[in-house]
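Reading through the structure tokens given below for one structure.
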Amino acid sequence: SILSSMPFVLDHAFGADTTKITWCSATLAICSLGGSGLCFLLIRMWTSWQVMRFGMVGLMVVGGSLAVLGLLEVHLSMILFMLLPSTYIFFLTTIMGPMRSLVAQPFGAAAGAANGLVMSLGGPIGAFFGFMMTWVFQVAGVHSWMILLGSLATFHQVTYWGLVGTNPEDDPIFEITEGYLAFLKSKGKGKGK
């Protein structure tokens with residue numbers, strides 16, 4: 001959603017030309033790769049739940065900042081403005097791997113359907129959100145765009161923390177069964193986390 005509306009926001013709110021839009025899009029891509037790299041490092045030291053918690057707290061801070069700055073109609077330079085969606089994408093990418101593994105865990109044989117739902121939020125349903133964000137920007141301006149993104153981030157936070165709580169690793173639904181642990185060990189895996 002951010003990526004699809006960003007060129008319009010940069011062009012109309014900041015008067016960015018094609019070169020600046022390309023640099024800003026490259027910055028978003030670098031932040032996405034950086035988030036994946038950080039996830040790669042953290043998942044070797046922490047559990048999936050700890051990486052999720054770290055990323056979700058980061059998303060909460062950035063989403064809250066977007067909402068507050070939008071509500072207060074703070075005028076930012078293009079560089080400061082880009083810091084917010086770039087950081088948001090960084091933290092969002094950090095949680096992608098753990099989220100996909102954790103969402104599938106309690107569903108066993110239906111794990112593919114659970115991951116399909118997660119993928120649809122980034123694909124077809126994400127296209128709808130991208131259209132909605134672009135439309136809101138065109139109708140109401142950059143501060144409304146920031147408020148909408150902050151509101152979506154808030155909804156994401158409320159949903160996540162409401163569903164899993166602060167210590168989801170203690171929920172028995174996420175315990176590994178003996179059969180699944182044997183399967184993991186047969187594949188050379190099986191730390192059980």
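To be explicit about the labels: the chains of the structure tokens are called A, B, and onward in the order shown, and within each one the residues are counted from 1, while ligands get numbers from 1 in the order they are shown.
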What's the 12 Å shell around Gln50 in chain A, counting only C-alpha atoms, without same-chain residues fewer than 5 positions away, as a PDB file with C-alpha atoms, in the first residue's frame?
```pdb
ATOM      1  CA  CYS A  39      15.340 -10.733  10.755  1.00  0.00           C
ATOM      2  CA  LEU A  42      17.811 -11.911  15.036  1.00  0.00           C
ATOM      3  CA  ILE A  43      16.168 -15.259  14.321  1.00  0.00           C
ATOM      4  CA  ARG A  44      19.525 -16.917  15.089  1.00  0.00           C
ATOM      5  CA  MET A  45      19.608 -15.342  18.549  1.00  0.00           C
ATOM      6  CA  GLY A  55       9.062  -5.745  15.091  1.00  0.00           C
ATOM      7  CA  MET A  56       5.553  -5.082  16.371  1.00  0.00           C
ATOM      8  CA  VAL A  57       6.813  -2.600  18.958  1.00  0.00           C
ATOM      9  CA  THR A  94      11.523  -7.754   9.931  1.00  0.00           C
ATOM     10  CA  ILE A  95       8.386  -9.586  11.101  1.00  0.00           C
ATOM     11  CA  PRO A  98       8.441 -15.119  11.860  1.00  0.00           C
ATOM     12  CA  MET A  99       4.833 -14.144  11.183  1.00  0.00           C
ATOM     13  CA  LEU A 102       3.965 -18.657  13.504  1.00  0.00           C
ATOM     14  CA  THR A 166       1.910 -10.177  25.387  1.00  0.00           C
ATOM     15  CA  ASN A 167       3.196 -13.749  25.948  1.00  0.00           C
ATOM     16  CA  PRO A 168       1.837 -15.849  23.099  1.00  0.00           C
ATOM     17  CA  GLU A 169       4.627 -18.389  23.429  1.00  0.00           C
ATOM     18  CA  LYS A 193      11.201 -23.140  18.745  1.00  0.00           C
TER      19      LYS A 193
END
```
- Task: Go through range 6-179 of chain A and collect every residue that DSSP, computed from the backbone, puts in alpha helix (DSSP H); the answer should be as a VMD selection string.
- Result: chain A and resid 6 to 14 18 to 42 48 to 71 78 to 104 111 to 122 124 to 140 142 to 164 178 to 179
Selection file, C-alpha atoms, as a compact mmCIF listing (two decimals), in the first residue's frame:
```txt
# COMPACT_ATOMS: atom_id res chain seq x y z
CA MET A 6 4.31 6.83 -2.55
CA PRO A 7 5.05 8.30 -6.04
CA PHE A 8 1.81 10.31 -5.93
CA VAL A 9 2.53 11.55 -2.41
CA LEU A 10 6.08 12.58 -3.26
CA ASP A 11 5.06 14.26 -6.50
CA HIS A 12 2.11 16.25 -5.22
CA ALA A 13 3.11 16.97 -1.62
CA PHE A 14 6.81 17.63 -2.14
CA THR A 18 11.26 11.36 -11.32
CA THR A 19 14.82 11.21 -10.00
CA LYS A 20 13.79 11.97 -6.41
CA ILE A 21 10.89 9.52 -6.59
CA THR A 22 13.28 6.84 -7.87
CA TRP A 23 15.73 7.54 -5.04
CA CYS A 24 12.93 7.41 -2.48
CA SER A 25 11.61 4.15 -3.93
CA ALA A 26 15.14 2.74 -3.80
CA THR A 27 15.34 3.82 -0.16
CA LEU A 28 12.16 1.89 0.59
CA ALA A 29 13.62 -1.17 -1.16
CA ILE A 30 16.86 -0.88 0.82
CA CYS A 31 14.86 -0.66 4.05
CA SER A 32 12.94 -3.76 3.02
CA LEU A 33 16.18 -5.65 2.43
CA GLY A 34 17.59 -4.28 5.68
CA GLY A 35 14.56 -5.55 7.60
CA SER A 36 14.99 -8.98 6.05
CA GLY A 37 18.68 -8.94 6.95
CA LEU A 38 17.93 -7.95 10.53
CA CYS A 39 15.34 -10.73 10.76
CA PHE A 40 17.97 -13.17 9.43
CA LEU A 41 20.34 -12.15 12.22
CA LEU A 42 17.81 -11.91 15.04
CA SER A 48 10.28 -16.21 16.43
CA TRP A 49 8.03 -14.70 19.10
CA GLN A 50 10.77 -12.38 20.32
CA VAL A 51 11.49 -11.17 16.78
CA MET A 52 7.74 -10.62 16.25
CA ARG A 53 7.47 -8.67 19.48
CA PHE A 54 10.48 -6.50 18.55
CA GLY A 55 9.06 -5.74 15.09
CA MET A 56 5.55 -5.08 16.37
CA VAL A 57 6.81 -2.60 18.96
CA GLY A 58 8.78 -0.84 16.20
CA LEU A 59 5.65 -0.74 14.02
CA MET A 60 3.68 0.64 16.97
CA VAL A 61 6.13 3.51 17.44
CA VAL A 62 6.26 4.39 13.72
CA GLY A 63 2.50 4.00 13.19
CA GLY A 64 1.77 6.13 16.24
CA SER A 65 4.22 8.77 15.01
CA LEU A 66 2.52 8.85 11.60
CA ALA A 67 -0.90 9.28 13.18
CA VAL A 68 0.18 11.98 15.64
CA LEU A 69 2.18 13.97 13.06
CA GLY A 70 -0.73 13.72 10.62
CA LEU A 71 -3.28 14.83 13.21
CA MET A 78 10.77 15.21 2.20
CA ILE A 79 13.73 13.52 3.91
CA LEU A 80 12.08 13.54 7.34
CA PHE A 81 8.80 12.42 5.78
CA MET A 82 10.53 9.50 4.03
CA LEU A 83 12.07 8.41 7.33
CA LEU A 84 8.62 7.36 8.59
CA PRO A 85 7.46 5.03 5.77
CA SER A 86 11.02 3.73 5.36
CA THR A 87 11.19 2.76 9.04
CA TYR A 88 7.69 1.30 8.83
CA ILE A 89 8.71 -0.92 5.90
CA PHE A 90 11.91 -1.88 7.74
CA PHE A 91 10.00 -3.16 10.78
CA LEU A 92 7.26 -4.72 8.66
CA THR A 93 9.80 -6.72 6.70
CA THR A 94 11.52 -7.75 9.93
CA ILE A 95 8.39 -9.59 11.10
CA MET A 96 7.42 -11.24 7.79
CA GLY A 97 9.39 -14.48 8.23
CA PRO A 98 8.44 -15.12 11.86
CA MET A 99 4.83 -14.14 11.18
CA ARG A 100 4.48 -16.65 8.35
CA SER A 101 6.01 -19.45 10.39
CA LEU A 102 3.96 -18.66 13.50
CA VAL A 103 0.66 -18.19 11.70
CA ALA A 104 1.01 -21.66 10.21
CA ALA A 111 -1.02 -24.30 7.35
CA GLY A 112 -1.12 -23.60 3.61
CA ALA A 113 -4.56 -22.00 3.92
CA ALA A 114 -3.38 -19.83 6.84
CA ASN A 115 -0.34 -18.66 4.89
CA GLY A 116 -2.54 -18.08 1.83
CA LEU A 117 -4.65 -15.69 3.89
CA VAL A 118 -1.53 -13.82 5.01
CA MET A 119 -0.28 -13.64 1.40
CA SER A 120 -3.63 -12.27 0.20
CA LEU A 121 -3.28 -9.33 2.59
CA GLY A 122 -0.06 -8.35 0.83
CA PRO A 124 -4.92 -8.64 -3.86
CA ILE A 125 -6.25 -7.12 -0.66
CA GLY A 126 -3.11 -4.98 -0.38
CA ALA A 127 -3.91 -3.53 -3.81
CA PHE A 128 -7.23 -2.34 -2.43
CA PHE A 129 -5.48 -0.63 0.47
CA GLY A 130 -3.01 0.96 -1.97
CA PHE A 131 -5.90 2.35 -4.01
CA MET A 132 -7.60 3.59 -0.84
CA MET A 133 -4.43 5.34 0.36
CA THR A 134 -3.87 7.00 -3.01
CA TRP A 135 -7.48 8.15 -3.13
CA VAL A 136 -7.34 9.56 0.41
CA PHE A 137 -4.16 11.44 -0.48
CA GLN A 138 -5.67 12.90 -3.65
CA VAL A 139 -8.85 13.96 -1.87
CA ALA A 140 -7.50 15.17 1.46
CA VAL A 142 -0.56 14.27 2.83
CA HIS A 143 -1.67 14.66 6.46
CA SER A 144 -4.75 12.54 5.80
CA TRP A 145 -2.50 9.95 4.13
CA MET A 146 -0.36 9.89 7.28
CA ILE A 147 -3.44 9.59 9.49
CA LEU A 148 -4.78 6.71 7.36
CA LEU A 149 -1.47 4.84 7.47
CA GLY A 150 -1.24 5.46 11.22
CA SER A 151 -4.84 4.23 11.63
CA LEU A 152 -4.11 1.06 9.65
CA ALA A 153 -1.01 0.53 11.81
CA THR A 154 -3.11 1.03 14.94
CA PHE A 155 -5.66 -1.51 13.71
CA HIS A 156 -2.78 -3.91 13.02
CA GLN A 157 -1.51 -3.40 16.57
CA VAL A 158 -4.90 -3.81 18.23
CA THR A 159 -5.59 -6.96 16.23
CA TYR A 160 -2.18 -8.52 16.89
CA TRP A 161 -1.92 -7.78 20.62
CA GLY A 162 -5.61 -8.55 21.12
CA LEU A 163 -5.32 -11.97 19.49
CA VAL A 164 -1.99 -13.17 20.84
CA GLU A 178 5.54 -35.10 19.41
CA GLY A 179 4.62 -36.06 15.83
```
